[in-house]
>>> print(open('final02.pdb').read())   # PDB, C-alpha atoms, pLDDT in the B column
ATOM      1  CA  MET A  14     135.287 100.343  77.244  1.00 55.00           C
ATOM      2  CA  VAL A  15     132.048 101.599  75.696  1.00 56.00           C
ATOM      3  CA  ASN A  16     130.456 104.590  77.407  1.00 68.00           C
ATOM      4  CA  ARG A  17     126.902 104.049  78.500  1.00 63.00           C
ATOM      5  CA  THR A  18     124.181 106.463  77.416  1.00 71.00           C
ATOM      6  CA  ARG A  19     123.125 108.683  80.320  1.00 71.00           C
ATOM      7  CA  PHE A  20     119.655 110.137  80.873  1.00 72.00           C
ATOM      8  CA  ASP A  21     120.493 112.623  83.656  1.00 71.00           C
ATOM      9  CA  ASP A  22     118.987 115.503  81.678  1.00 72.00           C
ATOM     10  CA  SER A  23     115.966 113.712  80.240  1.00 78.00           C
ATOM     11  CA  GLU A  24     112.559 115.198  80.921  1.00 83.00           C
ATOM     12  CA  CYS A  25     111.193 111.645  81.229  1.00 84.00           C
ATOM     13  CA  PRO A  26     110.988 110.318  84.816  1.00 85.00           C
ATOM     14  CA  VAL A  27     111.242 106.713  83.561  1.00 86.00           C
ATOM     15  CA  ALA A  28     114.497 107.453  81.737  1.00 85.00           C
ATOM     16  CA  ARG A  29     116.022 109.149  84.788  1.00 85.00           C
ATOM     17  CA  SER A  30     114.926 106.240  87.002  1.00 88.00           C
ATOM     18  CA  VAL A  31     116.400 103.670  84.632  1.00 86.00           C
ATOM     19  CA  ASP A  32     119.600 105.691  84.674  1.00 82.00           C
ATOM     20  CA  ALA A  33     119.879 105.093  88.437  1.00 82.00           C
ATOM     21  CA  ILE A  34     118.585 101.519  88.810  1.00 83.00           C
ATOM     22  CA  GLY A  35     118.062 100.165  85.309  1.00 77.00           C
ATOM     23  CA  ASP A  36     120.539  97.302  85.276  1.00 87.00           C
ATOM     24  CA  TRP A  37     119.602  93.959  86.808  1.00 91.00           C
ATOM     25  CA  TRP A  38     122.423  93.936  89.364  1.00 95.00           C
ATOM     26  CA  SER A  39     121.293  97.239  90.858  1.00 95.00           C
ATOM     27  CA  LEU A  40     117.689  96.095  91.167  1.00 95.00           C
ATOM     28  CA  LEU A  41     118.767  92.805  92.740  1.00 96.00           C
ATOM     29  CA  ILE A  42     121.017  94.651  95.205  1.00 97.00           C
ATOM     30  CA  VAL A  43     118.052  96.831  96.196  1.00 97.00           C
ATOM     31  CA  ARG A  44     115.882  93.701  96.514  1.00 97.00           C
ATOM     32  CA  ASP A  45     118.488  92.101  98.774  1.00 97.00           C
ATOM     33  CA  ALA A  46     118.730  95.283 100.849  1.00 98.00           C
ATOM     34  CA  PHE A  47     114.965  95.063 101.446  1.00 97.00           C
ATOM     35  CA  ASP A  48     115.516  91.425 102.439  1.00 96.00           C
ATOM     36  CA  GLY A  49     118.076  92.471 105.070  1.00 96.00           C
ATOM     37  CA  SER A  50     121.452  92.279 103.330  1.00 97.00           C
ATOM     38  CA  ARG A  51     123.807  95.004 104.534  1.00 97.00           C
ATOM     39  CA  ARG A  52     127.391  93.892 103.908  1.00 97.00           C
ATOM     40  CA  PHE A  53     129.368  93.556 100.713  1.00 97.00           C
ATOM     41  CA  GLY A  54     129.911  89.841 101.404  1.00 96.00           C
ATOM     42  CA  GLU A  55     126.184  89.241 101.957  1.00 97.00           C
ATOM     43  CA  PHE A  56     125.331  90.817  98.602  1.00 98.00           C
ATOM     44  CA  GLN A  57     128.146  88.909  96.907  1.00 97.00           C
ATOM     45  CA  ARG A  58     127.063  85.531  98.336  1.00 97.00           C
ATOM     46  CA  SER A  59     123.402  86.104  97.522  1.00 96.00           C
ATOM     47  CA  LEU A  60     123.941  87.336  93.978  1.00 97.00           C
ATOM     48  CA  GLY A  61     127.095  85.492  92.912  1.00 96.00           C
ATOM     49  CA  VAL A  62     128.183  88.665  91.119  1.00 95.00           C
ATOM     50  CA  ALA A  63     131.836  89.420  90.461  1.00 96.00           C
ATOM     51  CA  LYS A  64     133.366  91.650  93.119  1.00 97.00           C
ATOM     52  CA  ASN A  65     134.327  94.390  90.655  1.00 97.00           C
ATOM     53  CA  ILE A  66     130.765  94.590  89.319  1.00 96.00           C
ATOM     54  CA  LEU A  67     129.299  94.604  92.822  1.00 97.00           C
ATOM     55  CA  THR A  68     131.726  97.336  93.877  1.00 97.00           C
ATOM     56  CA  ALA A  69     130.730  99.483  90.890  1.00 96.00           C
ATOM     57  CA  ARG A  70     126.992  98.961  91.439  1.00 96.00           C
ATOM     58  CA  LEU A  71     127.170  99.672  95.177  1.00 97.00           C
ATOM     59  CA  ARG A  72     129.178 102.827  94.478  1.00 96.00           C
ATOM     60  CA  ALA A  73     126.614 103.976  91.884  1.00 95.00           C
ATOM     61  CA  LEU A  74     123.702 103.276  94.247  1.00 97.00           C
ATOM     62  CA  VAL A  75     125.436 105.288  96.977  1.00 97.00           C
ATOM     63  CA  GLU A  76     126.178 108.141  94.545  1.00 95.00           C
ATOM     64  CA  SER A  77     122.526 108.122  93.436  1.00 94.00           C
ATOM     65  CA  GLY A  78     121.385 108.402  97.054  1.00 96.00           C
ATOM     66  CA  ILE A  79     119.618 105.018  97.018  1.00 97.00           C
ATOM     67  CA  LEU A  80     121.994 103.359  99.488  1.00 98.00           C
ATOM     68  CA  GLU A  81     124.161 104.884 102.177  1.00 98.00           C
ATOM     69  CA  SER A  82     127.472 103.428 103.314  1.00 97.00           C
ATOM     70  CA  VAL A  83     127.621 103.610 107.115  1.00 96.00           C
ATOM     71  CA  PRO A  84     129.908 102.205 109.818  1.00 95.00           C
ATOM     72  CA  ALA A  85     129.059  98.578 110.562  1.00 93.00           C
ATOM     73  CA  SER A  86     126.363  98.172 113.191  1.00 88.00           C
ATOM     74  CA  ASP A  87     128.533  95.668 115.092  1.00 91.00           C
ATOM     75  CA  GLY A  88     131.399  98.150 115.521  1.00 90.00           C
ATOM     76  CA  SER A  89     133.751  96.229 113.212  1.00 91.00           C
ATOM     77  CA  ALA A  90     135.881  97.862 110.520  1.00 91.00           C
ATOM     78  CA  TYR A  91     133.371  96.841 107.840  1.00 92.00           C
ATOM     79  CA  ARG A  92     130.802  99.121 106.210  1.00 94.00           C
ATOM     80  CA  ASP A  93     127.076  98.475 105.992  1.00 97.00           C
ATOM     81  CA  TYR A  94     124.962  99.492 103.022  1.00 98.00           C
ATOM     82  CA  VAL A  95     121.528 100.681 104.102  1.00 98.00           C
ATOM     83  CA  LEU A  96     118.586 101.967 102.123  1.00 98.00           C
ATOM     84  CA  THR A  97     118.036 105.711 102.302  1.00 98.00           C
ATOM     85  CA  PRO A  98     114.514 107.167 102.211  1.00 98.00           C
ATOM     86  CA  LYS A  99     114.992 107.458  98.431  1.00 97.00           C
ATOM     87  CA  GLY A 100     115.933 103.759  98.347  1.00 98.00           C
ATOM     88  CA  LYS A 101     113.010 102.737 100.552  1.00 98.00           C
ATOM     89  CA  ALA A 102     110.714 104.570  98.133  1.00 97.00           C
ATOM     90  CA  LEU A 103     111.635 101.843  95.600  1.00 97.00           C
ATOM     91  CA  PHE A 104     109.580  99.330  97.605  1.00 97.00           C
ATOM     92  CA  PRO A 105     106.493  99.581  95.337  1.00 97.00           C
ATOM     93  CA  VAL A 106     108.757  99.123  92.296  1.00 95.00           C
ATOM     94  CA  ILE A 107     110.232  95.917  93.729  1.00 95.00           C
ATOM     95  CA  VAL A 108     106.743  94.684  94.722  1.00 96.00           C
ATOM     96  CA  ALA A 109     105.440  95.462  91.216  1.00 96.00           C
ATOM     97  CA  LEU A 110     108.325  93.560  89.591  1.00 94.00           C
ATOM     98  CA  ARG A 111     107.779  90.640  91.960  1.00 95.00           C
ATOM     99  CA  GLN A 112     104.039  90.472  91.270  1.00 95.00           C
ATOM    100  CA  TRP A 113     104.561  90.838  87.524  1.00 94.00           C
ATOM    101  CA  GLY A 114     107.145  88.026  87.626  1.00 94.00           C
ATOM    102  CA  GLU A 115     104.840  85.771  89.662  1.00 93.00           C
ATOM    103  CA  GLN A 116     102.033  86.351  87.161  1.00 93.00           C
ATOM    104  CA  ASN A 117     104.086  85.943  83.991  1.00 94.00           C
ATOM    105  CA  PHE A 118     107.051  83.655  84.642  1.00 95.00           C
ATOM    106  CA  PHE A 119     105.769  80.871  86.900  1.00 94.00           C
ATOM    107  CA  THR A 120     103.335  78.112  86.044  1.00 93.00           C
ATOM    108  CA  PRO A 121     100.393  77.626  88.406  1.00 90.00           C
ATOM    109  CA  GLY A 122     101.599  75.746  91.492  1.00 91.00           C
ATOM    110  CA  GLU A 123     105.285  76.225  90.666  1.00 95.00           C
ATOM    111  CA  PRO A 124     107.139  77.056  93.897  1.00 93.00           C
ATOM    112  CA  HIS A 125     108.713  80.480  94.301  1.00 93.00           C
ATOM    113  CA  SER A 126     109.594  82.904  97.050  1.00 92.00           C
ATOM    114  CA  GLU A 127     106.713  84.898  98.419  1.00 92.00           C
ATOM    115  CA  LEU A 128     106.495  88.356  99.961  1.00 93.00           C
ATOM    116  CA  VAL A 129     104.110  88.353 102.912  1.00 95.00           C
ATOM    117  CA  ASP A 130     102.766  90.821 105.445  1.00 96.00           C
ATOM    118  CA  ARG A 131     105.077  90.397 108.447  1.00 95.00           C
ATOM    119  CA  SER A 132     102.307  90.828 111.060  1.00 97.00           C
ATOM    120  CA  GLN A 133      99.749  88.519 109.416  1.00 97.00           C
ATOM    121  CA  GLY A 134     101.905  86.159 107.360  1.00 96.00           C
ATOM    122  CA  ARG A 135      99.618  86.625 104.363  1.00 97.00           C
ATOM    123  CA  PRO A 136     100.484  87.540 100.753  1.00 94.00           C
ATOM    124  CA  LEU A 137     100.092  91.125  99.591  1.00 95.00           C
ATOM    125  CA  ARG A 138      97.199  92.270  97.422  1.00 95.00           C
ATOM    126  CA  PRO A 139      98.148  92.962  93.818  1.00 95.00           C
ATOM    127  CA  LEU A 140      99.262  96.538  93.260  1.00 96.00           C
ATOM    128  CA  GLU A 141      96.769  98.714  91.440  1.00 96.00           C
ATOM    129  CA  VAL A 142      97.022 101.965  89.537  1.00 96.00           C
ATOM    130  CA  LEU A 143      94.285 104.305  90.673  1.00 97.00           C
ATOM    131  CA  SER A 144      93.117 107.739  89.569  1.00 98.00           C
ATOM    132  CA  MET A 145      92.960 110.554  92.086  1.00 97.00           C
ATOM    133  CA  ASP A 146      89.270 109.701  92.610  1.00 98.00           C
ATOM    134  CA  GLY A 147      89.974 105.992  93.151  1.00 97.00           C
ATOM    135  CA  ARG A 148      89.080 104.557  89.722  1.00 98.00           C
ATOM    136  CA  HIS A 149      91.202 101.637  88.437  1.00 97.00           C
ATOM    137  CA  LEU A 150      93.282 102.754  85.476  1.00 97.00           C
ATOM    138  CA  THR A 151      94.733 100.825  82.537  1.00 96.00           C
ATOM    139  CA  PRO A 152      97.296 102.067  80.013  1.00 96.00           C
ATOM    140  CA  ASP A 153      94.410 103.082  77.733  1.00 97.00           C
ATOM    141  CA  ASP A 154      93.135 105.405  80.478  1.00 97.00           C
ATOM    142  CA  THR A 155      96.342 107.444  80.707  1.00 97.00           C
ATOM    143  CA  ILE A 156      98.382 109.803  78.557  1.00 96.00           C
ATOM    144  CA  VAL A 157     101.790 111.400  79.050  1.00 94.00           C
ATOM    145  CA  HIS A 158     101.874 115.174  78.784  1.00 91.00           C
ATOM    146  CA  LYS A 159     105.212 115.901  77.163  1.00 88.00           C
ATOM    147  CA  LEU A 160     107.028 119.140  77.861  1.00 80.00           C
ATOM    148  CA  SER A 161     107.128 121.605  75.029  1.00 72.00           C
ATOM    149  CA  LEU A 162     110.208 123.752  74.955  1.00 66.00           C
ATOM    150  CA  SER A 163     109.298 127.267  73.998  1.00 60.00           C
ATOM    151  CA  ALA A 164     111.783 129.507  72.262  1.00 53.00           C
ATOM    152  CA  SER A 165     112.896 132.444  74.358  1.00 50.00           C
TER
END
>>> encode(input="final02.pdb", output="structure tokens")
Amino acid sequence: MVNRTRFDDSECPVARSVDAIGDWWSLLIVRDAFDGSRRFGEFQRSLGVAKNILTARLRALVESGILESVPASDGSAYRDYVLTPKGKALFPVIVALRQWGEQNFFTPGEPHSELVDRSQGRPLRPLEVLSMDGRHLTPDDTIVHKLSLSAS
């Protein structure tokens, strides 16, 4: 088996994030967890993923602190997988991917699932990137300050 490149020590937050959730199965598991899936069988039925792959991804998400494996809420011998605060913090990422997909991969009027405000039943506003003073920002308005390693 080929070893995967790890980014645990990268100074780039994107690289470290991709290290934890960068494969499609992991992101879809997190999406399903937001949609209410909790049990191995629920994830497996929803995703149609092989059990060995699902087992590995759930284990990695638990090890990364994104999901927690807890005793089943119904008192059975099963385990539930629930989002931790770190996992719940992925909500804007999932919303951004959803909105980007709606904008770029569906033709106008083509049916697709929709994320709505539970209390009002209305779609969400598009996510925006704002400066600290509230200005809308584009990629041209930002720059990454890279770390410079100084010699000791």
>>> resolve_selection(input="final02.pdb", expression="the PyMOL selection byres ((chain A and resi 131-137) around 12)", output="ChimeraX atom specification")
/A:105,108-109,111-112,126-130,138-141
>>> closest_residue(input="final02.pdb", among="A:Glu76, A:Asp153, A:Asp21, A:Asp93", to="A:Glu55", atoms="only C-alpha atoms")
A:Asp93
>>> atom_distance(input="final02.pdb", atom1="atom CA of A:Gly54", atom2="atom CA of A:Val83")
15.1 Å
>>> axis_aligned_box(input="final02.pdb", around="stretch 38-54 of chain A", padding_each_side="8 Å", output="AutoDock Vina command-line options")
--center_x 122.4 --center_y 93.5 --center_z 97.2 --size_x 30.9 --size_y 23.4 --size_z 31.7
>>> closest_residue(input="final02.pdb", among="A:Ser86, A:Ser39, A:Gln116, A:Ser161", to="A:Thr68", atoms="all atoms listed in the file")
A:Ser39
>>> resolve_selection(input="final02.pdb", expression="the PyMOL selection byres ((chain A and resi 99) around 10)", output="tab-separated table (two decimals) with C-alpha atoms, in the frame of the given file")
chain	number	residue	atom	x	y	z
A	77	SER	CA	122.53	108.12	93.44
A	78	GLY	CA	121.38	108.40	97.05
A	79	ILE	CA	119.62	105.02	97.02
A	80	LEU	CA	121.99	103.36	99.49
A	96	LEU	CA	118.59	101.97	102.12
A	97	THR	CA	118.04	105.71	102.30
A	98	PRO	CA	114.51	107.17	102.21
A	100	GLY	CA	115.93	103.76	98.35
A	101	LYS	CA	113.01	102.74	100.55
A	102	ALA	CA	110.71	104.57	98.13
A	103	LEU	CA	111.64	101.84	95.60
A	104	PHE	CA	109.58	99.33	97.60
>>> residues_around(input="final02.pdb", residues="A:Ile34", least_positions_apart="3", cutoff="10 Å", atoms="all atoms listed in the file", output="PyMOL selection string")
chain A and resi 29-31+37-43+70+73-74+77+79+103
>>> atom_distance(input="final02.pdb", atom1="atom CA of A:Phe20", atom2="atom CA of A:Arg92")
29.8 Å
>>> closest_residue(input="final02.pdb", among="A:Phe53, A:Asp154, A:Leu143, A:Arg19", to="A:Asn65", atoms="only C-alpha atoms")
A:Phe53
